[in-house]
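Colleague: What follows is final22.pdb, PDB, C-alpha atoms.
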```pdb
ATOM      1  CA  MET A   1     160.035 141.609  49.950  1.00  0.00           C
ATOM      2  CA  ARG A   2     162.682 140.816  47.396  1.00  0.00           C
ATOM      3  CA  SER A   3     162.182 137.832  45.069  1.00  0.00           C
ATOM      4  CA  GLU A   4     164.380 134.787  45.528  1.00  0.00           C
ATOM      5  CA  PRO A   5     167.631 134.523  43.552  1.00  0.00           C
ATOM      6  CA  SER A   6     167.230 133.104  40.061  1.00  0.00           C
ATOM      7  CA  GLU A   7     170.289 130.872  39.559  1.00  0.00           C
ATOM      8  CA  LYS A   8     170.421 127.227  40.664  1.00  0.00           C
ATOM      9  CA  ILE A   9     173.468 125.117  41.354  1.00  0.00           C
ATOM     10  CA  SER A  10     174.276 122.164  39.088  1.00  0.00           C
ATOM     11  CA  LYS A  11     172.051 119.097  39.187  1.00  0.00           C
ATOM     12  CA  LYS A  12     175.287 117.096  39.492  1.00  0.00           C
ATOM     13  CA  ALA A  13     175.268 118.147  43.146  1.00  0.00           C
ATOM     14  CA  LEU A  14     172.670 115.453  43.857  1.00  0.00           C
ATOM     15  CA  PRO A  15     174.939 112.393  43.393  1.00  0.00           C
ATOM     16  CA  VAL A  16     177.748 114.154  45.253  1.00  0.00           C
ATOM     17  CA  TRP A  17     175.534 114.987  48.238  1.00  0.00           C
ATOM     18  CA  ARG A  18     173.987 111.506  48.158  1.00  0.00           C
ATOM     19  CA  LEU A  19     177.443 109.949  48.293  1.00  0.00           C
ATOM     20  CA  LYS A  20     178.338 112.216  51.201  1.00  0.00           C
ATOM     21  CA  GLY A  21     175.088 111.278  52.987  1.00  0.00           C
ATOM     22  CA  ALA A  22     175.762 107.560  52.507  1.00  0.00           C
ATOM     23  CA  ILE A  23     179.280 107.906  53.905  1.00  0.00           C
ATOM     24  CA  GLU A  24     178.009 109.901  56.891  1.00  0.00           C
ATOM     25  CA  SER A  25     175.279 107.335  57.573  1.00  0.00           C
ATOM     26  CA  LEU A  26     177.944 104.621  57.809  1.00  0.00           C
ATOM     27  CA  PHE A  27     179.320 106.521  60.791  1.00  0.00           C
ATOM     28  CA  PHE A  28     175.939 106.250  62.547  1.00  0.00           C
ATOM     29  CA  ALA A  29     175.935 102.464  62.006  1.00  0.00           C
ATOM     30  CA  ILE A  30     178.258 102.387  65.020  1.00  0.00           C
ATOM     31  CA  VAL A  31     175.227 102.755  67.324  1.00  0.00           C
ATOM     32  CA  PRO A  32     173.358  99.539  66.393  1.00  0.00           C
ATOM     33  CA  ILE A  33     176.620  97.632  65.943  1.00  0.00           C
ATOM     34  CA  GLY A  34     177.860  98.743  69.365  1.00  0.00           C
ATOM     35  CA  TYR A  35     174.523  97.866  70.940  1.00  0.00           C
ATOM     36  CA  TYR A  36     174.647  94.418  69.322  1.00  0.00           C
ATOM     37  CA  PHE A  37     177.924  93.614  71.061  1.00  0.00           C
ATOM     38  CA  LEU A  38     176.610  94.969  74.373  1.00  0.00           C
ATOM     39  CA  TYR A  39     173.326  93.103  73.889  1.00  0.00           C
ATOM     40  CA  GLU A  40     175.212  89.821  73.439  1.00  0.00           C
ATOM     41  CA  GLY A  41     177.449  90.387  76.451  1.00  0.00           C
ATOM     42  CA  VAL A  42     175.105  92.096  78.935  1.00  0.00           C
ATOM     43  CA  GLY A  43     171.736  90.635  78.007  1.00  0.00           C
ATOM     44  CA  TRP A  44     169.908  93.847  77.083  1.00  0.00           C
ATOM     45  CA  PRO A  45     166.525  93.569  75.303  1.00  0.00           C
ATOM     46  CA  GLU A  46     166.588  92.430  71.682  1.00  0.00           C
ATOM     47  CA  TRP A  47     163.693  94.697  70.654  1.00  0.00           C
ATOM     48  CA  LEU A  48     165.866  97.763  71.333  1.00  0.00           C
ATOM     49  CA  LEU A  49     168.437  96.445  68.879  1.00  0.00           C
ATOM     50  CA  TRP A  50     165.721  96.239  66.202  1.00  0.00           C
ATOM     51  CA  VAL A  51     164.543  99.765  67.018  1.00  0.00           C
ATOM     52  CA  LEU A  52     168.120 101.028  66.572  1.00  0.00           C
ATOM     53  CA  ILE A  53     168.492  99.181  63.258  1.00  0.00           C
ATOM     54  CA  VAL A  54     165.192 100.551  61.897  1.00  0.00           C
ATOM     55  CA  GLY A  55     166.158 104.044  63.122  1.00  0.00           C
ATOM     56  CA  TRP A  56     169.516 103.791  61.385  1.00  0.00           C
ATOM     57  CA  VAL A  57     167.915 102.614  58.112  1.00  0.00           C
ATOM     58  CA  PHE A  58     165.423 105.505  58.280  1.00  0.00           C
ATOM     59  CA  LEU A  59     168.164 108.052  59.061  1.00  0.00           C
ATOM     60  CA  SER A  60     170.330 106.696  56.230  1.00  0.00           C
ATOM     61  CA  PHE A  61     167.458 106.914  53.750  1.00  0.00           C
ATOM     62  CA  VAL A  62     166.597 110.486  54.729  1.00  0.00           C
ATOM     63  CA  GLN A  63     170.242 111.598  54.764  1.00  0.00           C
ATOM     64  CA  THR A  64     171.049 109.915  51.445  1.00  0.00           C
ATOM     65  CA  PHE A  65     167.927 110.594  49.369  1.00  0.00           C
ATOM     66  CA  ILE A  66     165.558 113.172  50.889  1.00  0.00           C
ATOM     67  CA  ILE A  67     167.869 115.880  52.255  1.00  0.00           C
ATOM     68  CA  PRO A  68     170.074 116.193  49.126  1.00  0.00           C
ATOM     69  CA  SER A  69     166.976 116.665  46.931  1.00  0.00           C
ATOM     70  CA  VAL A  70     165.478 119.319  49.183  1.00  0.00           C
ATOM     71  CA  ARG A  71     168.867 120.988  49.629  1.00  0.00           C
ATOM     72  CA  TRP A  72     169.351 121.167  45.856  1.00  0.00           C
ATOM     73  CA  ARG A  73     165.874 122.650  45.315  1.00  0.00           C
ATOM     74  CA  ARG A  74     166.465 125.345  47.946  1.00  0.00           C
ATOM     75  CA  TRP A  75     169.973 126.421  46.875  1.00  0.00           C
ATOM     76  CA  ARG A  76     169.815 129.650  44.857  1.00  0.00           C
ATOM     77  CA  TYR A  77     172.223 132.441  44.093  1.00  0.00           C
ATOM     78  CA  GLU A  78     172.385 135.564  41.988  1.00  0.00           C
ATOM     79  CA  VAL A  79     175.285 137.867  41.232  1.00  0.00           C
ATOM     80  CA  LEU A  80     174.407 141.479  40.632  1.00  0.00           C
ATOM     81  CA  ALA A  81     176.723 144.444  40.062  1.00  0.00           C
ATOM     82  CA  GLU A  82     176.168 145.726  43.639  1.00  0.00           C
ATOM     83  CA  GLU A  83     175.778 142.469  45.611  1.00  0.00           C
ATOM     84  CA  ILE A  84     175.712 138.700  45.727  1.00  0.00           C
ATOM     85  CA  ASP A  85     172.421 137.163  46.861  1.00  0.00           C
ATOM     86  CA  ILE A  86     172.603 133.619  48.302  1.00  0.00           C
ATOM     87  CA  GLN A  87     169.713 131.521  49.621  1.00  0.00           C
ATOM     88  CA  TYR A  88     170.113 128.029  51.110  1.00  0.00           C
ATOM     89  CA  GLY A  89     168.929 125.692  53.841  1.00  0.00           C
ATOM     90  CA  VAL A  90     166.767 122.613  54.344  1.00  0.00           C
ATOM     91  CA  PHE A  91     164.884 123.241  57.569  1.00  0.00           C
ATOM     92  CA  ILE A  92     165.993 126.817  58.180  1.00  0.00           C
ATOM     93  CA  VAL A  93     166.292 128.807  54.965  1.00  0.00           C
ATOM     94  CA  ARG A  94     169.032 131.446  55.125  1.00  0.00           C
ATOM     95  CA  ARG A  95     169.330 134.464  52.871  1.00  0.00           C
ATOM     96  CA  VAL A  96     172.689 136.249  52.621  1.00  0.00           C
ATOM     97  CA  LEU A  97     173.433 139.491  50.781  1.00  0.00           C
ATOM     98  CA  ILE A  98     177.120 140.230  50.253  1.00  0.00           C
ATOM     99  CA  PRO A  99     177.880 143.783  49.090  1.00  0.00           C
ATOM    100  CA  MET A 100     180.504 143.843  46.312  1.00  0.00           C
ATOM    101  CA  ALA A 101     182.381 146.561  48.179  1.00  0.00           C
ATOM    102  CA  ARG A 102     183.018 144.016  51.004  1.00  0.00           C
ATOM    103  CA  VAL A 103     184.419 141.266  48.769  1.00  0.00           C
ATOM    104  CA  GLN A 104     188.152 140.891  49.387  1.00  0.00           C
ATOM    105  CA  HIS A 105     188.861 137.925  47.154  1.00  0.00           C
ATOM    106  CA  VAL A 106     187.082 135.136  45.357  1.00  0.00           C
ATOM    107  CA  ASP A 107     188.380 131.719  44.382  1.00  0.00           C
ATOM    108  CA  THR A 108     187.248 128.287  43.221  1.00  0.00           C
ATOM    109  CA  GLU A 109     187.740 125.052  45.137  1.00  0.00           C
ATOM    110  CA  GLN A 110     187.624 121.507  43.823  1.00  0.00           C
ATOM    111  CA  GLY A 111     188.203 118.363  45.883  1.00  0.00           C
ATOM    112  CA  PRO A 112     188.536 114.822  44.518  1.00  0.00           C
ATOM    113  CA  ILE A 113     184.781 114.086  44.488  1.00  0.00           C
ATOM    114  CA  TYR A 114     183.949 117.431  42.877  1.00  0.00           C
ATOM    115  CA  ARG A 115     186.721 116.829  40.326  1.00  0.00           C
ATOM    116  CA  ARG A 116     185.227 113.452  39.384  1.00  0.00           C
ATOM    117  CA  TYR A 117     181.859 115.111  38.694  1.00  0.00           C
ATOM    118  CA  ARG A 118     183.510 118.181  37.079  1.00  0.00           C
ATOM    119  CA  LEU A 119     182.169 120.505  39.756  1.00  0.00           C
ATOM    120  CA  ALA A 120     183.703 123.362  41.707  1.00  0.00           C
ATOM    121  CA  ALA A 121     182.713 125.637  44.564  1.00  0.00           C
ATOM    122  CA  VAL A 122     183.136 129.404  44.494  1.00  0.00           C
ATOM    123  CA  SER A 123     184.368 130.890  47.787  1.00  0.00           C
ATOM    124  CA  ILE A 124     183.736 134.575  48.443  1.00  0.00           C
ATOM    125  CA  SER A 125     185.833 136.099  51.225  1.00  0.00           C
ATOM    126  CA  THR A 126     184.948 139.254  53.109  1.00  0.00           C
ATOM    127  CA  ALA A 127     186.691 140.730  56.145  1.00  0.00           C
ATOM    128  CA  ALA A 128     184.330 138.911  58.500  1.00  0.00           C
ATOM    129  CA  THR A 129     183.547 135.578  56.853  1.00  0.00           C
ATOM    130  CA  ILE A 130     183.764 133.251  53.880  1.00  0.00           C
ATOM    131  CA  HIS A 131     180.662 132.360  51.868  1.00  0.00           C
ATOM    132  CA  GLN A 132     180.533 129.503  49.421  1.00  0.00           C
ATOM    133  CA  ILE A 133     178.401 128.639  46.416  1.00  0.00           C
ATOM    134  CA  PRO A 134     178.815 124.852  46.048  1.00  0.00           C
ATOM    135  CA  ALA A 135     178.459 122.421  43.175  1.00  0.00           C
ATOM    136  CA  LEU A 136     178.760 124.574  40.077  1.00  0.00           C
ATOM    137  CA  THR A 137     180.069 123.154  36.821  1.00  0.00           C
ATOM    138  CA  ASP A 138     183.722 124.026  36.171  1.00  0.00           C
ATOM    139  CA  GLU A 139     182.837 126.513  33.444  1.00  0.00           C
ATOM    140  CA  VAL A 140     180.143 128.263  35.466  1.00  0.00           C
ATOM    141  CA  ALA A 141     182.403 128.431  38.538  1.00  0.00           C
ATOM    142  CA  ASP A 142     185.249 130.009  36.530  1.00  0.00           C
ATOM    143  CA  ASP A 143     182.922 132.518  34.865  1.00  0.00           C
ATOM    144  CA  LEU A 144     181.266 133.373  38.187  1.00  0.00           C
ATOM    145  CA  ARG A 145     184.643 133.839  39.903  1.00  0.00           C
ATOM    146  CA  ASP A 146     185.794 136.211  37.168  1.00  0.00           C
ATOM    147  CA  GLN A 147     182.461 138.080  37.162  1.00  0.00           C
ATOM    148  CA  ILE A 148     182.514 138.610  40.940  1.00  0.00           C
ATOM    149  CA  ALA A 149     186.163 139.677  40.850  1.00  0.00           C
ATOM    150  CA  GLY A 150     185.351 142.226  38.132  1.00  0.00           C
ATOM    151  CA  TYR A 151     182.352 143.602  40.025  1.00  0.00           C
ATOM    152  CA  ALA A 152     184.348 143.763  43.275  1.00  0.00           C
ATOM    153  CA  GLN A 153     187.135 145.662  41.543  1.00  0.00           C
ATOM    154  CA  THR A 154     184.613 148.118  40.100  1.00  0.00           C
ATOM    155  CA  ALA A 155     182.975 148.540  43.520  1.00  0.00           C
ATOM    156  CA  ASP A 156     186.373 149.345  45.076  1.00  0.00           C
ATOM    157  CA  ALA A 157     187.084 151.915  42.360  1.00  0.00           C
ATOM    158  CA  ASP A 158     183.735 153.643  43.004  1.00  0.00           C
ATOM    159  CA  GLU A 159     184.496 154.255  46.691  1.00  0.00           C
TER     160      GLU A 159
END
```
When written as structure tokens, how does the structure in this file appear?

Modeller:
Amino acid sequence: MRSEPSEKISKKALPVWRLKGAIESLFFAIVPIGYYFLYEGVGWPEWLLWVLIVGWVFLSFVQTFIIPSVRWRRWRYEVLAEEIDIQYGVFIVRRVLIPMARVQHVDTEQGPIYRRYRLAAVSISTAATIHQIPALTDEVADDLRDQIAGYAQTADADE
């Protein structure tokens, strides 16, 4: 079996993913808040409200602190002359090999949160799908985009 890819994404991904997890956990606060208003009006059991609150706190903690750390440790990539090797996943680890001959175009993306942390994502488009390597520093993302584009051009010339 092939060894795992050697390159890691930037450690700056952790605060970005933690911020995203905190924002997403606010959405789930709707459940205990909604139950509170129903509990007051309908007379449902109070203990269930406390179970929902504890569940929400636990979910928020896991989503904000645990999952981003594990996700960062598992994210790996490697760009070779013939292919791009990507490995990611928290519970289910996926491994993707993208042949350079299949790469149609490659670009970098940077939203407002990534821009604040000086990060960018590299998107690799093939005929069937788009793969992304997230949370790379601006310099690494630009170099990687140019490297993949050069390899893809060479792969097309060889065919």

Colleague: Could you spell out the hits of the PyMOL selection byres ((chain A and resi 70-76) around 6) on the shown file, as a tab-separated table (two decimals) with C-alpha atoms, keeping the file's coordinate frame?

Modeller:
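After the write, result-v6.tsv holds the following:
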```tsv
chain	number	residue	atom	x	y	z
A	5	PRO	CA	167.63	134.52	43.55
A	7	GLU	CA	170.29	130.87	39.56
A	8	LYS	CA	170.42	127.23	40.66
A	67	ILE	CA	167.87	115.88	52.26
A	68	PRO	CA	170.07	116.19	49.13
A	69	SER	CA	166.98	116.66	46.93
A	77	TYR	CA	172.22	132.44	44.09
A	86	ILE	CA	172.60	133.62	48.30
A	87	GLN	CA	169.71	131.52	49.62
A	88	TYR	CA	170.11	128.03	51.11
A	90	VAL	CA	166.77	122.61	54.34
```

Colleague: Need the shell around Arg102 (chain A): protein/DNA/RNA residues with any atom at most 8 Å away, counting all atoms listed in the file. Skip same-chain ones fewer than 3 positions apart. Format as number ranges by chain?

Modeller: A: 98-99, 126-127, 152

Colleague: Could you tell me which residues the PyMOL selection byres ((chain A and resi 80) around 12) grabs in this file, written as a list in words?

Modeller: Pro5, Ser6, Glu7, Tyr77, Glu78, Val79, Ala81, Glu82, Glu83, Ile84, Asp85, Ile86, Leu97, Ile98, Pro99, Met100, Leu144, Gln147, Ile148, Ala149, Gly150, Tyr151, Ala152 and Ala155 of chain A

Colleague: Take the point (174.8, 110.5, 49.9) as written in the file and pick out every residue within 10 Å of it, counting only C-alpha atoms; give the list as a ChimeraX atom specification.

Modeller: /A:14-25,60-68

Colleague: Just want the 6 Å neighbourhood of Val122 (chain A), counted on all atoms listed in the file, with same-chain residues fewer than 2 positions away dropped. Output as a list in words.

Modeller: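 In the requested format, the answer is Asp107, Thr108, Gln132 and Ile133 of chain A.
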
Colleague: My list of candidates is A:Leu48, A:Leu59, A:Val54, A:Val93. Which is closest to Glu4 (chain A) when distances are computed with only C-alpha atoms?

Modeller: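 With only C-alpha atoms as the atom set, the closest residue is A:Val93.
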
Colleague: Hey, what comes out of the PyMOL selection byres ((chain A and resi 109) around 12) on this file? Could you write it as a list in words?

Modeller: Val106, Asp107, Thr108, Gln110, Gly111, Pro112, Ile113, Tyr114, Arg115, Arg118, Leu119, Ala120, Ala121, Val122, Ser123, Ile124, Gln132, Ile133, Pro134, Ala135, Leu136, Thr137, Asp138, Ala141, Asp142 and Arg145 of chain A

Colleague: Expressed in Å to a single decimal, how great is the separation between CA of Phe58 (chain A) and CA of Glu40 (chain A)?

Modeller: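 Distance between the two atoms: 23.9 Å.
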
Colleague: Write only N, CA and C atoms for region 43-79 of chain A from the block just shown, as a compact mmCIF listing (two decimals), in the first residue's frame.

Modeller:
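For reference, selection_34.txt as written:
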```txt
# COMPACT_ATOMS: atom_id res chain seq x y z
N GLY A 43 -46.14 22.87 29.09
CA GLY A 43 -45.93 22.17 30.35
C GLY A 43 -45.17 20.87 30.19
N TRP A 44 -44.26 20.80 29.23
CA TRP A 44 -43.44 19.60 29.05
C TRP A 44 -42.42 19.50 30.19
N PRO A 45 -41.79 18.34 30.36
CA PRO A 45 -40.88 18.15 31.50
C PRO A 45 -39.62 19.03 31.41
N GLU A 46 -39.25 19.58 32.56
CA GLU A 46 -38.08 20.47 32.63
C GLU A 46 -36.78 19.71 32.42
N TRP A 47 -36.71 18.45 32.86
CA TRP A 47 -35.48 17.68 32.74
C TRP A 47 -35.06 17.52 31.28
N LEU A 48 -36.05 17.45 30.36
CA LEU A 48 -35.72 17.31 28.94
C LEU A 48 -35.05 18.58 28.41
N LEU A 49 -35.47 19.72 28.93
CA LEU A 49 -34.83 20.97 28.56
C LEU A 49 -33.35 20.94 28.95
N TRP A 50 -33.05 20.45 30.16
CA TRP A 50 -31.66 20.38 30.61
C TRP A 50 -30.86 19.36 29.80
N VAL A 51 -31.48 18.28 29.39
CA VAL A 51 -30.80 17.31 28.53
C VAL A 51 -30.46 17.96 27.20
N LEU A 52 -31.39 18.73 26.63
CA LEU A 52 -31.12 19.41 25.36
C LEU A 52 -30.01 20.45 25.50
N ILE A 53 -30.00 21.16 26.61
CA ILE A 53 -28.94 22.17 26.82
C ILE A 53 -27.58 21.50 26.95
N VAL A 54 -27.48 20.44 27.75
CA VAL A 54 -26.22 19.72 27.91
C VAL A 54 -25.78 19.12 26.56
N GLY A 55 -26.73 18.56 25.81
CA GLY A 55 -26.42 18.01 24.49
C GLY A 55 -25.89 19.08 23.55
N TRP A 56 -26.50 20.26 23.59
CA TRP A 56 -26.04 21.35 22.73
C TRP A 56 -24.63 21.81 23.12
N VAL A 57 -24.38 21.92 24.43
CA VAL A 57 -23.04 22.33 24.89
C VAL A 57 -22.00 21.30 24.45
N PHE A 58 -22.33 20.01 24.59
CA PHE A 58 -21.40 18.96 24.18
C PHE A 58 -21.16 19.02 22.67
N LEU A 59 -22.23 19.13 21.89
CA LEU A 59 -22.10 19.22 20.43
C LEU A 59 -21.27 20.43 20.03
N SER A 60 -21.51 21.57 20.67
CA SER A 60 -20.76 22.79 20.35
C SER A 60 -19.28 22.61 20.66
N PHE A 61 -18.96 21.99 21.79
CA PHE A 61 -17.57 21.76 22.16
C PHE A 61 -16.89 20.86 21.14
N VAL A 62 -17.52 19.76 20.79
CA VAL A 62 -16.94 18.82 19.83
C VAL A 62 -16.76 19.49 18.47
N GLN A 63 -17.79 20.21 18.02
CA GLN A 63 -17.76 20.83 16.70
C GLN A 63 -16.77 21.99 16.63
N THR A 64 -16.54 22.65 17.76
CA THR A 64 -15.66 23.82 17.76
C THR A 64 -14.20 23.47 18.07
N PHE A 65 -13.96 22.46 18.91
CA PHE A 65 -12.59 22.19 19.33
C PHE A 65 -12.04 20.83 18.88
N ILE A 66 -12.81 19.79 18.96
CA ILE A 66 -12.30 18.44 18.68
C ILE A 66 -12.20 18.18 17.17
N ILE A 67 -13.30 18.37 16.45
CA ILE A 67 -13.32 18.04 15.02
C ILE A 67 -12.31 18.85 14.22
N PRO A 68 -12.18 20.19 14.42
CA PRO A 68 -11.15 20.90 13.65
C PRO A 68 -9.74 20.37 13.87
N SER A 69 -9.41 19.98 15.10
CA SER A 69 -8.06 19.45 15.37
C SER A 69 -7.82 18.13 14.66
N VAL A 70 -8.80 17.23 14.73
CA VAL A 70 -8.67 15.94 14.06
C VAL A 70 -8.65 16.14 12.55
N ARG A 71 -9.52 17.01 12.06
CA ARG A 71 -9.58 17.29 10.62
C ARG A 71 -8.23 17.82 10.12
N TRP A 72 -7.62 18.73 10.88
CA TRP A 72 -6.34 19.28 10.47
C TRP A 72 -5.25 18.20 10.45
N ARG A 73 -5.25 17.33 11.46
CA ARG A 73 -4.24 16.26 11.51
C ARG A 73 -4.39 15.28 10.36
N ARG A 74 -5.59 15.06 9.89
CA ARG A 74 -5.83 14.06 8.84
C ARG A 74 -5.65 14.61 7.43
N TRP A 75 -5.73 15.92 7.25
CA TRP A 75 -5.64 16.50 5.91
C TRP A 75 -4.20 16.43 5.41
N ARG A 76 -4.02 15.76 4.27
CA ARG A 76 -2.71 15.62 3.64
C ARG A 76 -2.89 15.73 2.12
N TYR A 77 -1.85 16.19 1.49
CA TYR A 77 -1.85 16.23 0.02
C TYR A 77 -0.42 16.12 -0.46
N GLU A 78 -0.29 15.73 -1.71
CA GLU A 78 1.02 15.68 -2.35
C GLU A 78 0.82 15.83 -3.85
N VAL A 79 1.63 16.68 -4.45
CA VAL A 79 1.55 16.90 -5.89
C VAL A 79 2.78 16.28 -6.52
```
